[in-house]
Amino acid sequence: MKLAALGEVMVELAPQAAGHTPDPSVRTGKPLLRQSFAGDTFNTAVYIARSGVEVSYLTLLGDDPYSEEILTLLHSERIDVSAIEQLPGRCPGLYMIQNSADGERYFTYWRGESPARALLTPGTQCQLVKSHLQKMDCIYLSGISIAIMQRDARAALLEFLREYRQAGGRVAFDSNYRPRLWESPDTARRVVLDFLQQTDIALLTFEDEQALWGDKRPLQSLKRNSRAGISELVLKRGAEPVLLQQGGALTAVEVPPVSNVVDTTGAGDAFNAGYLGARLQGASAHDSIAAGNRCAAQVIGYRGAIIPRDQYNDCTRESLSPVGIAADTADTRV
């Protein structure tokens with residue numbers, strides 16, 4: 001199976017892990033920051049690739065040293081970069097992580113001039129991107145992916161997805177709402193709904209649904225998104241059971257407790273990776289949720305969005321059938 005993810009890769013600055021020995025010549029009273037790279041769909045793409053799925057990443061980068069490091073990192077993760085274009089004179093956006101005592105994360109962004117904002121605009125290699133996407137079994141994108149795009153580019157992508165799905169392709173979408181990226185909540189709701197109507201697998205978070213739509217209860221989110229015609233709806237709720245709506249049945253899947261929460265950055269992205277990595281390799285939706293939970297549990301035990309390869313355990317193996325593609329088992333109604 002082949003999956004392509006669309007979005008943005010940024011420079012990430014995260015606090016150093018506890019126990020790190022600081023430079024004694026620096027006495028700022030502030031923690032040292034570790035520089036890495038991250039971005040919601042990028043994080044998901046990395047972890048899906050580690051599960052054995054063939055992954056491509058589509059974005060725009062600059063011609064600066066950080067963009068070159070991003071390409072090197074993607075190569076090291078065995079992710080296809082053949083459809084990535086580099087724009088002269090541009091450089092990636094940047095964000096900084098702050099954590100509360102319980103590991104909850106807070107972000108500060110500098111991304112206004114990010115080259116990814118020009119994705120699928122005239123003057124870029126739009127046809128190359130579309131030709132590449134047509135070869136994929138699944139396309140993955142998020143609310144951030146479409147929020148940073150220009151209006152005409154969104155319209156072009158939406159039309160492409162209609163044709164892509166008519167030809168048998170599948171689309172996975174995480175609504176991932178960041179209010180500051182949108183001109184207004186009304187625009188965000190309209191555009192997100194347009195893309196949900198071209199979605200086969202929705203990987204949603206109740207916190208985002210509350211912020212964007214004002215939902216009071218999870219069932220409100222499920223009912224509204226069902227009207228978009230989505231065949232497979234997954235609603236993440238932090239430590240509360242994950243809700244799965246599929247084939248007219250609603251299932252609640254428990255989230256195992258995690259004792260060592262260091263940094264929740266990328267938890268939802270990691271869940272999506274575990275889910276899609278297992279699902280695309282034949283696991284049932286229920287078992288794919290279990291894979292997603294295992295992946296998220298690993299990631300929140302580390303600082304930053306991406307765990308080093310040598311410290312990461314593939315979370316999809318336990319969910320895969322030893323005889324190949326598994327059929328979905330009957331779900332229990334709740």
# chains A, B, ... in the order shown; residues from 1 in each chain; ligands from 1
$ closest_atom_pairs --of "stretch 135-214 of chain A" --to "stretch 59-81 of chain A" --cutoff "12 Å" --atoms "only C-alpha atoms" --output "JSON lines"
{"residue": "A:Met136", "atom": "CA", "partner": "A:Asp80", "partner_atom": "CA", "distance": 11.9}
{"residue": "A:Leu141", "atom": "CA", "partner": "A:Thr59", "partner_atom": "CA", "distance": 11.2}
{"residue": "A:Ser145", "atom": "CA", "partner": "A:Thr59", "partner_atom": "CA", "distance": 9.5}
{"residue": "A:Ile146", "atom": "CA", "partner": "A:Thr59", "partner_atom": "CA", "distance": 11.9}
{"residue": "A:Ile148", "atom": "CA", "partner": "A:Thr59", "partner_atom": "CA", "distance": 11.3}
{"residue": "A:Met149", "atom": "CA", "partner": "A:Thr59", "partner_atom": "CA", "distance": 10.9}
$ residues_around --residues "A:Phe271" --least-positions-apart "5" --cutoff "7 Å" --atoms "only C-alpha atoms" --output "number ranges by chain"
A: 292-293, 295-296
$ residues_around --residues "A:Leu196" --least-positions-apart "4" --cutoff "8 Å" --atoms "only C-alpha atoms" --output "number ranges by chain"
A: 173, 192, 202, 225, 228, 230
$ select_by_dssp --residues "stretch 91-187 of chain A" --states "strand (DSSP E)" --output "short mmCIF file (atom, residue, chain, number, x, y, z; two decimals) with all heavy atoms, in the first residue's frame"
data_model
loop_
_atom_site.label_atom_id
_atom_site.label_comp_id
_atom_site.auth_asym_id
_atom_site.auth_seq_id
_atom_site.Cartn_x
_atom_site.Cartn_y
_atom_site.Cartn_z
N LEU A 94 9.02 27.89 12.06
CA LEU A 94 9.60 27.43 13.32
C LEU A 94 8.54 27.46 14.41
O LEU A 94 7.65 28.33 14.40
CB LEU A 94 10.78 28.33 13.70
CG LEU A 94 11.51 28.07 15.02
CD1 LEU A 94 12.99 28.43 14.88
CD2 LEU A 94 10.91 28.89 16.18
N TYR A 95 8.61 26.48 15.34
CA TYR A 95 7.75 26.57 16.52
C TYR A 95 8.50 26.11 17.75
O TYR A 95 9.46 25.33 17.68
CB TYR A 95 6.46 25.78 16.33
CG TYR A 95 6.54 24.28 16.51
CD1 TYR A 95 6.08 23.68 17.68
CD2 TYR A 95 7.05 23.46 15.50
CE1 TYR A 95 6.13 22.31 17.84
CE2 TYR A 95 7.09 22.09 15.65
CZ TYR A 95 6.63 21.52 16.83
OH TYR A 95 6.68 20.16 16.98
N MET A 96 8.06 26.61 18.91
CA MET A 96 8.69 26.31 20.19
C MET A 96 7.66 25.65 21.09
O MET A 96 6.49 26.05 21.13
CB MET A 96 9.22 27.59 20.83
CG MET A 96 10.00 27.37 22.12
SD MET A 96 10.56 28.95 22.83
CE MET A 96 11.69 29.49 21.54
N ILE A 97 8.10 24.62 21.82
CA ILE A 97 7.24 23.89 22.75
C ILE A 97 7.52 24.34 24.18
O ILE A 97 8.67 24.50 24.59
CB ILE A 97 7.49 22.37 22.67
CG1 ILE A 97 7.26 21.86 21.24
CG2 ILE A 97 6.60 21.63 23.66
CD1 ILE A 97 7.69 20.41 21.05
N GLN A 98 6.45 24.55 24.94
CA GLN A 98 6.53 24.68 26.39
C GLN A 98 5.62 23.63 27.00
O GLN A 98 4.55 23.33 26.45
CB GLN A 98 6.09 26.08 26.84
CG GLN A 98 7.03 27.20 26.41
CD GLN A 98 6.52 28.56 26.82
OE1 GLN A 98 5.47 28.99 26.38
NE2 GLN A 98 7.27 29.24 27.68
N ASN A 99 6.05 23.05 28.13
CA ASN A 99 5.28 22.00 28.78
C ASN A 99 4.91 22.38 30.20
O ASN A 99 5.73 22.95 30.93
CB ASN A 99 6.06 20.68 28.83
CG ASN A 99 6.35 20.12 27.46
OD1 ASN A 99 7.49 20.12 27.00
ND2 ASN A 99 5.32 19.65 26.78
N ARG A 105 1.25 20.31 26.33
CA ARG A 105 2.13 21.16 25.54
C ARG A 105 1.44 22.44 25.10
O ARG A 105 0.23 22.47 24.92
CB ARG A 105 2.66 20.40 24.31
CG ARG A 105 1.69 20.26 23.13
CD ARG A 105 0.60 19.23 23.39
NE ARG A 105 -0.21 18.97 22.21
CZ ARG A 105 -1.33 19.61 21.91
NH1 ARG A 105 -1.74 20.59 22.66
NH2 ARG A 105 -2.01 19.30 20.82
N TYR A 106 2.25 23.49 24.94
CA TYR A 106 1.80 24.78 24.46
C TYR A 106 2.80 25.24 23.40
O TYR A 106 4.01 25.09 23.58
CB TYR A 106 1.71 25.79 25.60
CG TYR A 106 0.80 25.33 26.72
CD1 TYR A 106 1.31 24.61 27.80
CD2 TYR A 106 -0.57 25.58 26.67
CE1 TYR A 106 0.47 24.16 28.81
CE2 TYR A 106 -1.41 25.13 27.67
CZ TYR A 106 -0.89 24.41 28.74
OH TYR A 106 -1.72 23.96 29.73
N PHE A 107 2.28 25.80 22.29
CA PHE A 107 3.13 26.11 21.15
C PHE A 107 3.18 27.62 20.88
O PHE A 107 2.19 28.34 21.06
CB PHE A 107 2.61 25.44 19.87
CG PHE A 107 2.50 23.94 19.97
CD1 PHE A 107 1.37 23.28 19.51
CD2 PHE A 107 3.53 23.19 20.50
CE1 PHE A 107 1.27 21.90 19.57
CE2 PHE A 107 3.45 21.81 20.57
CZ PHE A 107 2.32 21.17 20.11
N THR A 108 4.34 28.07 20.42
CA THR A 108 4.50 29.41 19.85
C THR A 108 5.07 29.23 18.45
O THR A 108 6.04 28.50 18.27
CB THR A 108 5.46 30.27 20.70
OG1 THR A 108 4.97 30.31 22.05
CG2 THR A 108 5.53 31.68 20.15
N TYR A 109 4.44 29.91 17.46
CA TYR A 109 4.81 29.67 16.05
C TYR A 109 5.40 30.91 15.40
O TYR A 109 5.04 32.05 15.70
CB TYR A 109 3.56 29.29 15.25
CG TYR A 109 2.94 27.98 15.62
CD1 TYR A 109 1.84 27.93 16.48
CD2 TYR A 109 3.41 26.78 15.09
CE1 TYR A 109 1.26 26.72 16.82
CE2 TYR A 109 2.83 25.57 15.42
CZ TYR A 109 1.75 25.54 16.29
OH TYR A 109 1.18 24.35 16.63
N TRP A 110 6.32 30.66 14.45
CA TRP A 110 6.82 31.66 13.49
C TRP A 110 6.78 30.97 12.12
O TRP A 110 7.70 30.27 11.73
CB TRP A 110 8.26 32.07 13.83
CG TRP A 110 8.40 32.78 15.14
CD1 TRP A 110 8.42 34.13 15.35
CD2 TRP A 110 8.58 32.18 16.43
NE1 TRP A 110 8.59 34.40 16.69
CE2 TRP A 110 8.69 33.23 17.38
CE3 TRP A 110 8.65 30.85 16.90
CZ2 TRP A 110 8.86 32.99 18.74
CZ3 TRP A 110 8.82 30.62 18.25
CH2 TRP A 110 8.92 31.68 19.16
N CYS A 138 -3.80 5.88 -0.75
CA CYS A 138 -4.42 6.71 0.27
C CYS A 138 -3.70 8.05 0.34
O CYS A 138 -2.46 8.11 0.24
CB CYS A 138 -4.38 6.01 1.64
SG CYS A 138 -5.18 6.93 2.99
N ILE A 139 -4.46 9.13 0.52
CA ILE A 139 -3.91 10.46 0.73
C ILE A 139 -4.30 10.91 2.13
O ILE A 139 -5.46 10.79 2.53
CB ILE A 139 -4.43 11.46 -0.31
CG1 ILE A 139 -3.94 11.07 -1.72
CG2 ILE A 139 -4.00 12.89 0.02
CD1 ILE A 139 -4.56 11.90 -2.83
N TYR A 140 -3.32 11.42 2.87
CA TYR A 140 -3.57 11.88 4.24
C TYR A 140 -3.28 13.37 4.33
O TYR A 140 -2.22 13.84 3.90
CB TYR A 140 -2.69 11.11 5.22
CG TYR A 140 -2.76 11.63 6.65
CD1 TYR A 140 -3.92 11.49 7.40
CD2 TYR A 140 -1.67 12.27 7.22
CE1 TYR A 140 -4.00 11.98 8.69
CE2 TYR A 140 -1.74 12.76 8.52
CZ TYR A 140 -2.91 12.61 9.24
OH TYR A 140 -2.98 13.09 10.52
N LEU A 141 -4.21 14.12 4.91
CA LEU A 141 -4.02 15.55 5.12
C LEU A 141 -4.77 15.98 6.37
O LEU A 141 -5.50 15.18 6.98
CB LEU A 141 -4.46 16.36 3.90
CG LEU A 141 -5.94 16.37 3.53
CD1 LEU A 141 -6.25 17.60 2.68
CD2 LEU A 141 -6.32 15.13 2.73
N SER A 142 -4.60 17.23 6.74
CA SER A 142 -5.19 17.70 7.99
C SER A 142 -5.76 19.10 7.83
O SER A 142 -5.57 19.77 6.82
CB SER A 142 -4.14 17.72 9.11
OG SER A 142 -3.25 18.82 8.93
N ARG A 170 -8.51 6.49 -1.58
CA ARG A 170 -9.08 6.78 -0.27
C ARG A 170 -8.40 7.99 0.35
O ARG A 170 -7.21 8.20 0.17
CB ARG A 170 -8.93 5.58 0.68
CG ARG A 170 -9.88 4.43 0.33
CD ARG A 170 -9.80 3.34 1.38
NE ARG A 170 -8.53 2.61 1.31
CZ ARG A 170 -8.16 1.69 2.19
NH1 ARG A 170 -8.94 1.40 3.23
NH2 ARG A 170 -7.01 1.05 2.04
N VAL A 171 -9.19 8.76 1.10
CA VAL A 171 -8.68 9.96 1.75
C VAL A 171 -8.87 9.84 3.25
O VAL A 171 -9.96 9.50 3.73
CB VAL A 171 -9.42 11.23 1.24
CG1 VAL A 171 -8.97 12.47 2.02
CG2 VAL A 171 -9.17 11.42 -0.25
N ALA A 172 -7.79 10.10 4.00
CA ALA A 172 -7.84 10.16 5.46
C ALA A 172 -7.58 11.60 5.88
O ALA A 172 -6.69 12.26 5.34
CB ALA A 172 -6.81 9.22 6.07
N PHE A 173 -8.36 12.07 6.86
CA PHE A 173 -8.32 13.50 7.23
C PHE A 173 -8.44 13.67 8.73
O PHE A 173 -9.28 13.05 9.38
CB PHE A 173 -9.47 14.22 6.53
CG PHE A 173 -9.55 15.70 6.80
CD1 PHE A 173 -8.62 16.58 6.25
CD2 PHE A 173 -10.57 16.22 7.59
CE1 PHE A 173 -8.70 17.95 6.49
CE2 PHE A 173 -10.66 17.58 7.83
CZ PHE A 173 -9.73 18.45 7.28
N ASP A 174 -7.55 14.51 9.29
CA ASP A 174 -7.63 14.92 10.69
C ASP A 174 -7.93 16.41 10.69
O ASP A 174 -7.14 17.20 10.17
CB ASP A 174 -6.29 14.64 11.39
CG ASP A 174 -6.28 15.06 12.86
OD1 ASP A 174 -7.19 15.80 13.28
OD2 ASP A 174 -5.36 14.65 13.58
#
$ atom_distance --atom1 "atom CA of A:Arg111" --atom2 "atom CA of A:Ala38"
12.7 Å
$ closest_residue --among "A:Leu128, A:Gln166, A:Ser221, A:Ala147" --to "A:Glu209" --atoms "only C-alpha atoms"
A:Ser221
$ residues_around --residues "A:Val258" --least-positions-apart "2" --cutoff "9 Å" --atoms "only C-alpha atoms" --output "list in words"
Ala239, Val255, Pro256, Asn260, Val261, Ala297, Gln298, Ile300 and Gly301 of chain A
$ residues_around --residues "A:Ser36" --least-positions-apart "3" --cutoff "7 Å" --atoms "only C-alpha atoms" --output "list in words"
Val11, Glu12 and Leu13 of chain A
$ write_last_selection --atoms "C-alpha atoms" --output "CSV table (one decimal), in the first residue's frame"
chain,number,residue,atom,x,y,z
A,11,VAL,CA,11.9,23.6,12.8
A,12,GLU,CA,11.0,22.4,16.3
A,13,LEU,CA,12.6,23.8,19.5
$ residues_around --residues "A:Gly266" --least-positions-apart "6" --cutoff "8 Å" --atoms "only C-alpha atoms" --output "ChimeraX atom specification"
/A:40,43,296,299-300,304-306
$ closest_residue --among "A:Asp194, A:Glu254, A:Asp263, A:Asp314" --to "A:Leu158" --atoms "only C-alpha atoms"
A:Asp194
